[in-house]
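Reproduced below: query09.txt, with compact mmCIF, C-alpha atoms.
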# COMPACT_ATOMS: atom_id res chain seq x y z
CA MET A 87 26.73 40.47 -29.06
CA SER A 88 24.20 37.66 -28.76
CA SER A 89 22.47 38.69 -25.53
CA ALA A 90 19.50 41.05 -25.39
CA SER A 91 20.38 41.88 -21.77
CA VAL A 92 23.74 43.43 -22.77
CA PRO A 93 23.10 46.73 -24.60
CA VAL A 94 25.23 47.65 -27.60
CA THR A 95 26.41 51.26 -27.52
CA MET A 96 27.42 53.49 -30.41
CA ALA A 97 30.99 53.25 -29.14
CA ASP A 98 30.78 49.45 -29.38
CA LEU A 99 29.47 49.64 -32.93
CA ARG A 100 32.13 52.13 -34.01
CA ARG A 101 34.86 49.97 -32.48
CA TRP A 102 33.56 46.82 -34.21
CA ALA A 103 33.64 48.60 -37.57
CA GLN A 104 37.07 50.10 -36.97
CA GLU A 105 38.62 46.78 -35.90
CA ALA A 106 36.55 44.65 -38.34
CA ARG A 107 35.93 42.29 -35.41
CA LEU A 108 32.85 41.29 -33.46
CA PRO A 109 32.80 39.62 -30.05
CA GLY A 110 31.52 36.11 -29.54
CA ASP A 111 30.51 33.62 -32.20
CA PRO A 112 27.49 35.07 -34.06
CA PRO A 113 25.57 32.69 -36.35
CA PRO A 114 25.80 33.06 -40.14
CA LEU A 115 23.37 35.40 -41.86
CA SER A 116 20.08 34.03 -43.15
CA ASP A 117 19.41 33.82 -46.88
CA ASP A 118 16.94 36.72 -46.60
CA ALA A 119 19.58 38.93 -45.00
CA ALA A 120 22.14 37.85 -47.61
CA LEU A 121 19.77 38.72 -50.49
CA LEU A 122 18.96 42.13 -49.04
CA ILE A 123 22.61 42.94 -48.44
CA ALA A 124 23.45 41.77 -51.97
CA SER A 125 20.73 44.06 -53.31
CA GLY A 126 22.95 46.94 -52.22
CA HIS A 127 24.86 46.32 -55.48
CA LEU A 128 21.72 46.91 -57.57
CA SER A 129 20.29 50.12 -58.99
CA PRO A 130 17.76 51.88 -56.72
CA GLY A 131 14.90 50.50 -58.84
CA GLY A 132 16.24 46.95 -58.77
CA ARG A 133 16.84 47.15 -55.03
CA ALA A 134 13.30 48.40 -54.41
CA LEU A 135 11.98 45.54 -56.52
CA VAL A 136 13.81 42.92 -54.43
CA VAL A 137 12.45 44.53 -51.27
CA ARG A 138 8.93 44.58 -52.73
CA ARG A 139 9.03 40.91 -53.69
CA MET A 140 10.26 39.92 -50.25
CA SER A 141 7.70 42.14 -48.52
CA VAL A 142 4.74 40.56 -50.33
CA GLY A 143 6.09 37.02 -50.09
CA LEU A 144 6.98 36.46 -53.74
CA PRO A 145 9.83 34.01 -54.47
CA LEU A 146 13.45 35.05 -54.78
CA PRO A 147 16.39 32.88 -55.91
CA ARG A 148 17.41 30.16 -53.45
CA LEU A 149 20.32 27.74 -53.61
CA THR A 150 20.36 24.23 -52.19
CA GLY A 151 22.77 25.51 -49.54
CA PRO A 152 23.02 28.83 -47.71
CA TYR A 153 24.44 31.88 -49.44
CA VAL A 154 27.25 32.10 -46.89
CA ASP A 155 28.64 28.90 -48.46
CA LEU A 156 28.67 30.63 -51.85
CA ARG A 157 30.85 33.38 -50.36
CA ARG A 158 33.26 30.79 -48.96
CA LEU A 159 33.35 29.03 -52.31
CA HIS A 160 34.13 32.25 -54.19
CA HIS A 161 36.78 33.17 -51.64
CA ALA A 162 38.47 29.79 -52.09
CA ILE A 163 38.40 30.15 -55.89
CA LEU A 164 40.09 33.55 -55.73
CA HIS A 165 42.72 32.16 -53.39
CA LEU A 166 43.48 29.20 -55.65
CA GLU A 167 43.73 31.44 -58.71
CA LYS A 168 46.17 33.68 -56.89
CA GLN A 169 48.34 30.72 -55.90
CA LEU A 170 48.42 29.34 -59.45
CA ASP A 171 49.24 32.77 -60.92
CA THR A 172 52.49 32.89 -58.94
CA GLY A 173 53.98 30.25 -61.25
CA MET A 174 56.01 28.87 -58.35
CA ILE A 175 53.83 25.86 -57.50
CA PRO A 176 55.37 22.46 -58.38
CA ASN A 177 53.65 20.71 -61.27
CA VAL A 178 52.23 17.85 -59.23
CA VAL A 179 50.64 20.32 -56.82
CA ALA A 180 49.50 22.66 -59.59
CA THR A 181 47.73 19.78 -61.32
CA VAL A 182 45.73 18.99 -58.21
CA LEU A 183 44.96 22.68 -57.67
CA ARG A 184 43.71 23.13 -61.23
CA THR A 185 41.46 20.09 -60.92
CA ARG A 186 40.05 21.40 -57.69
CA LEU A 187 39.66 24.89 -59.12
CA SER A 188 37.75 23.53 -62.12
CA GLY A 189 35.25 21.71 -59.90
CA MET A 190 34.75 24.73 -57.64
CA THR A 191 34.27 27.01 -60.64
CA ARG A 192 31.57 24.69 -61.98
CA ARG A 193 29.77 24.85 -58.65
CA ARG A 194 29.90 28.65 -58.73
CA ASP A 195 28.58 28.69 -62.31
CA ASP A 196 25.72 26.39 -61.28
CA ALA A 197 24.83 28.83 -58.51
CA ARG A 198 24.92 31.72 -60.96
CA ARG A 199 22.44 29.96 -63.25
CA VAL A 200 20.06 29.43 -60.33
CA VAL A 201 20.18 33.11 -59.37
CA VAL A 202 20.11 34.59 -62.87
CA VAL A 203 17.94 32.23 -64.92
CA GLY A 204 16.59 29.71 -62.41
CA LYS A 205 13.04 28.48 -63.00
CA GLY A 206 10.13 29.10 -60.68
CA VAL A 207 11.22 32.54 -59.50
CA PHE A 208 10.77 35.22 -62.15
CA ALA A 209 8.38 35.13 -65.07
CA THR A 210 9.63 33.45 -68.24
CA SER A 211 6.84 33.76 -70.81
CA THR A 212 6.40 37.02 -72.71
CA ARG A 213 2.94 37.59 -71.30
CA ALA A 214 3.98 36.89 -67.72
CA ILE A 215 7.05 39.12 -68.04
CA ARG A 216 4.90 42.00 -69.28
CA ARG A 217 2.50 41.52 -66.39
CA GLU A 218 5.32 41.50 -63.78
CA ARG A 219 6.84 44.57 -65.39
CA ARG A 220 3.51 46.42 -65.16
CA GLU A 221 3.27 45.43 -61.51
CA ASN A 222 6.91 46.44 -60.96
CA LEU A 223 7.88 42.93 -59.84
CA TYR A 224 10.17 41.77 -62.63
CA LEU A 225 13.92 41.88 -61.96
CA GLU A 226 15.76 42.29 -65.23
CA ILE A 227 18.60 39.93 -66.20
CA ASP A 228 21.33 42.54 -65.76
CA GLU A 229 20.06 43.27 -62.25
CA ARG A 230 20.10 39.56 -61.43
CA GLU A 231 23.73 39.44 -62.54
CA LYS A 232 24.48 42.26 -60.10
CA LEU A 233 22.55 40.43 -57.40
CA PHE A 234 24.68 37.33 -57.93
CA THR A 235 27.83 39.44 -57.75
CA GLY A 236 26.63 40.84 -54.44
CA LEU A 237 25.90 37.34 -53.12
CA LEU A 238 29.51 36.37 -53.86
CA TYR A 239 30.45 38.89 -51.15
CA THR A 240 27.91 37.99 -48.48
CA PRO A 241 29.45 39.02 -45.12
CA VAL A 242 31.04 35.92 -43.57
CA ALA A 243 33.18 35.75 -40.45
CA ASN A 244 36.58 34.09 -40.20
CA LEU A 245 37.19 33.24 -43.83
CA PRO A 246 40.22 30.97 -44.32
CA VAL A 247 43.33 32.90 -45.25
CA GLY A 248 45.59 30.07 -46.39
CA GLY A 249 48.77 28.75 -44.87
CA GLY A 250 52.40 28.18 -45.70
CA VAL A 251 52.67 29.41 -49.28
CA ARG A 252 50.78 32.63 -48.67
CA ARG A 253 52.66 33.46 -45.49
CA ALA A 254 56.19 32.31 -46.24
CA GLY A 255 56.72 33.06 -49.91
CA SER A 256 59.68 31.48 -51.68
CA ALA A 257 60.94 29.70 -48.55
CA ALA A 258 57.67 27.76 -48.42
CA VAL A 259 58.00 26.90 -52.13
CA ASP A 260 61.46 25.43 -51.48
CA ARG A 261 60.00 23.23 -48.74
CA ILE A 262 57.20 22.17 -51.08
CA ALA A 263 59.71 21.13 -53.73
CA GLY A 264 61.57 18.98 -51.22
CA PHE A 265 58.33 17.51 -49.93
CA VAL A 266 56.98 16.69 -53.38
CA GLY A 267 60.32 15.17 -54.39
CA SER A 268 60.08 12.73 -51.50
CA LEU A 269 56.63 11.48 -52.50
CA ALA A 270 56.47 8.01 -53.99
CA GLY A 271 54.01 5.23 -54.57
CA ARG A 272 50.25 5.24 -54.57
CA GLY A 273 49.98 7.53 -51.57
CA ALA A 274 51.54 10.47 -53.38
CA ALA A 275 48.26 11.98 -54.62
CA GLN A 276 46.64 11.63 -51.21
CA ASN A 277 49.66 13.24 -49.55
CA VAL A 278 49.48 16.15 -51.98
CA GLU A 279 45.77 16.59 -51.21
CA ALA A 280 46.51 16.57 -47.47
CA TRP A 281 49.27 19.10 -47.89
CA ILE A 282 47.04 21.39 -49.94
CA ASN A 283 44.31 21.28 -47.30
CA GLU A 284 46.78 22.15 -44.57
CA ALA A 285 49.00 24.66 -46.32
CA LEU A 286 46.63 26.52 -48.62
CA GLY A 287 43.37 26.37 -46.72
CA THR A 288 41.40 25.97 -49.94
CA ASP A 289 38.56 23.81 -48.64
CA GLY A 290 36.42 26.92 -48.19
CA GLN A 291 35.47 26.08 -44.62
CA PRO A 292 35.46 28.69 -41.83
CA VAL A 293 38.42 28.74 -39.49
CA PRO A 294 38.46 30.01 -35.90
CA ALA A 295 39.85 33.49 -35.35
CA GLY A 296 43.22 33.51 -33.67
CA ARG A 297 42.21 35.97 -30.95
CA GLY A 298 38.69 34.74 -30.45
CA GLY A 299 35.63 36.44 -31.90
CA ALA A 300 34.54 37.00 -35.49
CA ASP A 301 36.94 38.65 -37.94
CA PHE A 302 35.90 40.26 -41.23
CA SER A 303 37.77 41.47 -44.29
CA ASP A 304 37.16 45.15 -43.42
CA GLY A 305 34.99 47.47 -41.37
CA TYR A 306 32.43 47.85 -44.15
CA GLU A 307 31.74 44.12 -44.22
CA ALA A 308 31.62 44.03 -40.42
CA LEU A 309 28.97 46.76 -40.40
CA GLN A 310 26.91 44.96 -43.04
CA PHE A 311 27.08 41.79 -40.97
CA VAL A 312 25.94 43.60 -37.81
CA ALA A 313 22.96 45.07 -39.66
CA GLY A 314 22.04 41.68 -41.13
CA HIS A 315 22.54 39.89 -37.80
CA PHE A 316 20.14 42.15 -35.91
CA TYR A 317 17.70 42.14 -38.83
CA ASP A 318 17.58 38.35 -38.46
CA ARG A 319 17.04 38.62 -34.72
CA ILE A 320 14.09 40.97 -35.20
CA GLN A 321 12.53 38.77 -37.88
CA GLN A 322 12.91 35.66 -35.74
CA SER A 323 11.45 37.24 -32.60
CA PRO A 324 7.93 36.02 -31.71
CA ALA A 325 7.26 39.40 -30.10
CA TRP A 326 7.85 41.24 -33.40
CA ARG A 327 5.37 38.94 -35.15
CA SER A 328 2.75 39.24 -32.40
CA ASP A 329 -0.44 41.31 -32.62
CA PHE A 330 0.90 43.55 -29.88
CA PHE A 331 3.44 45.16 -32.26
CA GLU A 332 1.24 45.22 -35.36
CA LEU A 333 1.31 49.02 -35.51
CA GLN A 334 5.09 49.12 -35.19
CA ARG A 335 5.52 46.54 -37.96
CA SER A 336 3.45 48.70 -40.26
CA ALA A 337 5.57 51.78 -39.45
CA VAL A 338 8.85 50.42 -40.83
CA ASN A 339 9.94 48.12 -43.63
CA LEU A 340 12.93 46.29 -42.19
CA HIS A 341 13.68 44.70 -45.58
CA ALA A 342 14.05 48.14 -47.13
CA GLU A 343 16.11 49.45 -44.23
CA LEU A 344 18.66 46.63 -44.46
CA ALA A 345 18.86 46.98 -48.25
CA GLU A 346 19.46 50.74 -48.04
CA ILE A 347 22.10 50.32 -45.33
CA ALA A 348 23.85 47.78 -47.56
CA ALA A 349 23.66 50.14 -50.54
CA ASP A 350 25.23 52.97 -48.56
CA VAL A 351 28.03 50.70 -47.35
CA VAL A 352 28.72 49.56 -50.93
CA ALA A 353 28.82 53.19 -52.08
CA LEU A 354 31.16 54.17 -49.26
CA ARG A 355 33.54 51.32 -50.00
CA THR A 356 33.55 52.14 -53.72
CA LEU A 357 34.23 55.79 -53.02
CA ARG A 358 37.12 54.92 -50.78
CA VAL A 359 38.72 52.75 -53.45
CA ASP A 360 38.30 55.49 -56.04
CA LEU A 361 39.64 58.10 -53.66
CA ASP A 362 42.71 56.02 -52.82
CA ARG A 363 43.40 55.51 -56.52
CA ALA A 364 43.08 59.23 -57.17
CA ARG A 365 45.42 59.97 -54.28
CA ALA A 366 47.97 57.44 -55.56
CA SER A 367 47.94 58.85 -59.08
CA GLY A 368 47.71 62.56 -58.35
CA GLY A 369 48.72 63.00 -54.73
CA PHE A 370 51.97 64.72 -55.74
CA ASP A 371 49.86 67.82 -56.53
CA GLN A 372 49.32 69.50 -53.16
CA GLY A 373 46.22 71.35 -54.29
CA PHE A 374 44.64 68.15 -55.55
CA ALA A 375 45.61 66.33 -52.34
CA ASP A 376 44.01 69.09 -50.25
CA HIS A 377 40.83 68.78 -52.30
CA LEU A 378 40.72 65.04 -51.65
CA ASP A 379 41.17 65.68 -47.92
CA GLN A 380 38.23 68.09 -47.97
CA ARG A 381 36.00 65.55 -49.71
CA GLU A 382 37.00 62.91 -47.19
CA ALA A 383 36.08 65.22 -44.32
CA ALA A 384 32.72 65.96 -45.95
CA LEU A 385 31.90 62.25 -46.02
CA ARG A 386 32.50 61.50 -42.35
CA PRO A 387 29.07 62.77 -41.18
CA VAL A 388 27.45 60.32 -43.60
CA TRP A 389 29.30 57.47 -41.91
CA THR A 390 28.12 58.65 -38.50
CA GLU A 391 24.54 58.77 -39.78
CA LEU A 392 24.92 55.24 -41.12
CA LEU A 393 26.18 54.04 -37.74
CA THR A 394 23.17 55.69 -36.12
CA ARG A 395 20.76 53.84 -38.42
CA VAL A 396 22.42 50.50 -37.70
CA HIS A 397 22.36 51.26 -33.98
CA ALA A 398 18.64 51.99 -34.17
CA LEU A 399 18.19 48.56 -35.77
CA ILE A 400 20.15 47.03 -32.89
CA GLU A 401 17.95 48.76 -30.32
CA ILE A 402 14.79 47.52 -32.06
CA ALA A 403 16.12 43.96 -31.88
CA GLN A 404 16.98 44.23 -28.20
CA THR A 405 13.65 45.86 -27.38
CA VAL A 406 11.54 43.17 -29.06
CA GLU A 407 13.66 40.43 -27.48
CA SER A 408 13.03 41.92 -24.05
CA ALA A 409 9.32 42.22 -24.87
CA ALA A 410 9.31 38.55 -25.91
CA VAL A 411 10.13 37.64 -22.31
CA GLU A 412 7.09 39.58 -21.10
CA LEU A 413 4.90 37.92 -23.73
CA ARG A 414 6.01 34.48 -22.62
CA ILE A 415 5.16 35.38 -19.03
CA LEU A 416 1.71 36.58 -20.09
CA ASP A 417 1.15 33.34 -21.99
CA GLU A 418 1.99 31.43 -18.84
CA TYR A 419 -0.48 33.59 -16.93
CA ASP A 420 -3.16 32.84 -19.52
CA ARG A 421 -2.59 29.13 -19.18
CA ALA A 422 -2.60 29.45 -15.41
CA THR A 423 -5.91 31.36 -15.59
CA THR A 424 -7.48 28.56 -17.63
CA LEU A 425 -6.23 26.04 -15.12
CA ASP A 426 -7.53 28.21 -12.29
CA ALA A 427 -10.99 28.29 -13.88
CA ARG A 428 -11.08 24.51 -13.84
CA ILE A 429 -9.96 24.48 -10.20
CA ASP A 430 -12.53 27.16 -9.46
CA HIS A 431 -15.27 24.94 -10.86
CA LEU A 432 -14.30 22.04 -8.62
CA VAL A 433 -13.81 24.16 -5.51
CA ALA A 434 -17.19 25.87 -6.03
CA ARG A 435 -18.91 22.49 -5.81
CA SER A 436 -17.46 22.06 -2.32
CA GLY A 437 -18.63 25.52 -1.25
CA ASP A 438 -15.17 27.04 -0.83
CA ARG A 439 -14.18 29.63 -3.46
CA GLU A 440 -11.77 31.75 -1.41
CA LEU A 441 -8.60 30.08 -2.72
CA SER A 442 -9.69 30.51 -6.32
CA VAL A 443 -10.66 34.15 -5.84
CA ASP A 444 -7.31 35.00 -4.27
CA ASN A 445 -5.46 33.21 -7.00
CA THR A 446 -7.46 34.96 -9.71
CA ARG A 447 -6.81 38.36 -8.11
CA ARG A 448 -3.08 37.66 -7.95
CA LEU A 449 -2.95 36.56 -11.59
CA SER A 450 -4.91 39.63 -12.68
CA GLU A 451 -2.46 41.94 -10.96
CA GLN A 452 0.49 40.16 -12.58
CA VAL A 453 -1.12 40.35 -16.01
CA ARG A 454 -1.75 44.06 -15.61
CA ALA A 455 1.89 44.58 -14.62
CA GLY A 456 3.06 42.58 -17.63
CA GLU A 457 0.81 44.51 -20.00
CA GLU A 458 2.08 47.81 -18.61
CA GLN A 459 5.66 46.69 -19.21
CA LEU A 460 4.78 45.75 -22.80
CA ARG A 461 3.26 49.20 -23.34
CA ILE A 462 6.59 50.67 -22.24
CA TYR A 463 8.43 48.44 -24.71
CA ARG A 464 6.01 49.53 -27.44
CA ASP A 465 6.71 53.21 -26.75
CA VAL A 466 10.46 52.60 -26.78
CA LEU A 467 10.20 50.66 -30.02
CA GLN A 468 8.23 53.47 -31.63
CA GLY A 469 11.07 55.84 -30.79
CA ASN A 470 13.66 53.48 -32.28
CA ILE A 471 11.65 53.16 -35.48
CA ALA A 472 11.35 56.92 -35.73
CA ARG A 473 15.15 57.16 -35.73
CA ILE A 474 15.35 54.98 -38.83
CA ALA A 475 13.06 57.22 -40.92
CA PRO A 476 12.69 54.60 -43.69
CA TYR A 477 10.77 56.83 -46.06
CA ALA A 478 13.29 59.69 -46.07
CA PRO A 479 14.90 60.36 -49.47
CA PRO A 480 18.31 58.69 -49.86
CA MET A 481 21.30 60.85 -49.04
CA GLU A 482 23.71 61.84 -51.77
CA LEU A 483 27.08 60.53 -50.67
CA PRO A 484 30.15 62.76 -50.78
CA GLU A 485 33.53 61.48 -51.87
CA ARG A 486 35.00 59.21 -49.21
CA TYR A 487 35.00 57.53 -45.78
CA GLU A 488 37.61 55.81 -43.62
CA PRO A 489 36.31 53.65 -40.76
CA ASP A 490 39.12 54.41 -38.34
CA GLN A 491 38.45 58.16 -38.37
CA ARG A 492 35.84 59.94 -36.29

Can you turn what I pasted into structure tokens?
Amino acid sequence: MSSASVPVTMADLRRWAQEARLPGDPPPLSDDAALLIASGHLSPGGRALVVRRMSVGLPLPRLTGPYVDLRRLHHAILHLEKQLDTGMIPNVVATVLRTRLSGMTRRRDDARRVVVVGKGVFATSTRAIRRERRENLYLEIDEREKLFTGLLYTPVANLPVGGGVRRAGSAAVDRIAGFVGSLAGRGAAQNVEAWINEALGTDGQPVPAGRGGADFSDGYEALQFVAGHFYDRIQQSPAWRSDFFELQRSAVNLHAELAEIAADVVALRTLRVDLDRARASGGFDQGFADHLDQREAALRPVWTELLTRVHALIEIAQTVESAAVELRILDEYDRATTLDARIDHLVARSGDRELSVDNTRRLSEQVRAGEEQLRIYRDVLQGNIARIAPYAPPMELPERYEPDQR
């Protein structure tokens, strides 16, 4: 997944979403990608405002650490709450868990304040707020709350799933009781802490996937991660930022494309949950069940279209990464030409210019070949961008999607 020389096919992308697994060890998403994916939880106006602020370089909320750590923190909090709600944890362990949960909750609340009411991002005075609203740059408080909620679910690979208690149920609780009963002396608290780290996995740190690769909670999150990953690769490519692709950069707003992909994924996931609930509550009625099946079938083409948009983003990333190689070669040629001019000056003073002329001719031919290859990359990139169609009106989603169905 990390190599530009290995193309990603639609079949690969569909399989990754269906299995909720990606090959290799992709890096975490950047904060920009996390914010844009989180904006998928906002209203269309709020989402457009986040995209606009990012496009013109205006500030957006930033934490002291990356947003992927906020997702891990929230995941660990939910896991601890679930363990405590069972009521089967021994008191000495439960006390440690509640203390840890309290500290983690405070950290999450601190992050919420930064995102929702943090200083130095959005206007605070009445006059400044009115000005930003006129310029359509002010994100309202309720939209910031939604943005924070979205950031709590930033796509992260290989989240810890906990250990003994979660897997073994009451048998694990019996072992805990025996273990805690054997604790004595000053080392008891430390032993409890060590057991919690090992058995519950509540430190919030990523764990390696058992089969190798990157695992996600579901196919929707996997698809969001793929889109964000290749968005980051495009943004970090020197070729994409070069003058050579200035026209292509102006033809597509990658911030908007990632945000809209995220919004569609959020809508699809929500529809699936609602559809499953409707099926569970009214599936005994055959006519109603048939209607739900029809709505599900109507939604599948939307999923295919979404896969196509993400695949176009992948192809843009791989095209600009290949073009970056050509640009580096041309830069080397430019430096070699400058060096050759200096050699040419010295050789001319001795009356022998043939070596310099031959070298210049060879470099010129190589530069022309490199420029021709870049023109090919530019044409290919233009076709990839055309597939995205960023300014098309958003599609109205039907009722449901399941990732493992074609």

TODO: Could you tell me which of A:Phe234, A:Tyr153, A:Phe316, A:Trp102 comes closest to A:Ala403 if we count all atoms listed in the file?
DONE: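 Nearest to A:Ala403: A:Phe316.
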
- [ ] Check the smallest atom-to-atom distance from each of A:Ala353, A:Thr210, A:Ser188, A:Asp118 to A:Tyr317 using all atoms listed in the file, then report the winner.
- [x]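 Nearest candidate to A:Tyr317 out of A:Ala353, A:Thr210, A:Ser188, A:Asp118: A:Asp118.
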
Task: For A:Glu343, the nearest of the candidates A:Lys232, A:Arg395, A:Lys168, A:Arg216, counting only C-alpha atoms - done: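 Closest residue, counting only C-alpha atoms: A:Arg395.
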
TODO: Record the distance separating atom CA of A:Ala106 and atom CA of A:Asp301, expressed in Å with one decimal.
DONE: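 It comes out at 6.0 Å.
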
TODO: Identify which of the residues A:Leu393, A:Ala120, A:Ile474, A:Glu346 lies closest to A:Ala97, counting all atoms listed in the file when measuring atom-to-atom distances.
DONE: A:Leu393

Open item on the list: Need to verify the contact set: A:Leu149, 12 Å, all atoms listed in the file, exclusion of same-chain residues closer than 6 positions in sequence. Can you return it as a ChimeraX atom specification?
Closed with: /A:117-118,120-121,155-156,193-194,196-202,204-205,207,234,237

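Counting only C-alpha atoms and comparing A:Val406, A:Leu135, A:Leu385, A:Leu146, the residue that lies closest to A:Arg335 is A:Val406.
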
- [ ] Counting only C-alpha atoms, figure out which residue out of A:Ala348, A:Leu183, A:Val137, A:Ala300 gets nearest to A:Tyr224.
- [x] A:Val137

Find the axis-aligned box for stretch 303-317 of chain A, covering all its listed atoms and adding 8 Å on each side, and write its centre and edge lengths in Å to one decimal as JSON.
{"center_x": 27.7, "center_y": 43.9, "center_z": -40.1, "size_x": 36.1, "size_y": 24.0, "size_z": 24.4}

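For the pair atom CA of A:Ser328 and atom CA of A:Ile400, the separation is 19.1 Å.
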
Open item on the list: Just the number, please: distance in Å from atom CA of A:Ile402 to atom CA of A:Ala349, one decimal.
Closed with: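 Atom CA of A:Ala349 lies at a distance of 20.7 Å from atom CA of A:Ile402.
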
Fewer than 2 positions away in the same chain doesn't count, so skip those; otherwise give me all residues within 10 Å of A:Trp326, counting all atoms listed in the file, as a compact mmCIF listing (two decimals) with C-alpha atoms, keeping the file's coordinate frame.
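Result file selection_2.txt:
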# COMPACT_ATOMS: atom_id res chain seq x y z
CA ARG A 319 17.04 38.62 -34.72
CA ILE A 320 14.09 40.97 -35.20
CA GLN A 321 12.53 38.77 -37.88
CA GLN A 322 12.91 35.66 -35.74
CA SER A 323 11.45 37.24 -32.60
CA PRO A 324 7.93 36.02 -31.71
CA SER A 328 2.75 39.24 -32.40
CA ASP A 329 -0.44 41.31 -32.62
CA PHE A 330 0.90 43.55 -29.88
CA PHE A 331 3.44 45.16 -32.26
CA GLU A 332 1.24 45.22 -35.36
CA GLN A 334 5.09 49.12 -35.19
CA ARG A 335 5.52 46.54 -37.96
CA ILE A 402 14.79 47.52 -32.06
CA ALA A 403 16.12 43.96 -31.88
CA THR A 405 13.65 45.86 -27.38
CA VAL A 406 11.54 43.17 -29.06
CA GLU A 407 13.66 40.43 -27.48
CA ALA A 409 9.32 42.22 -24.87
CA ALA A 410 9.31 38.55 -25.91
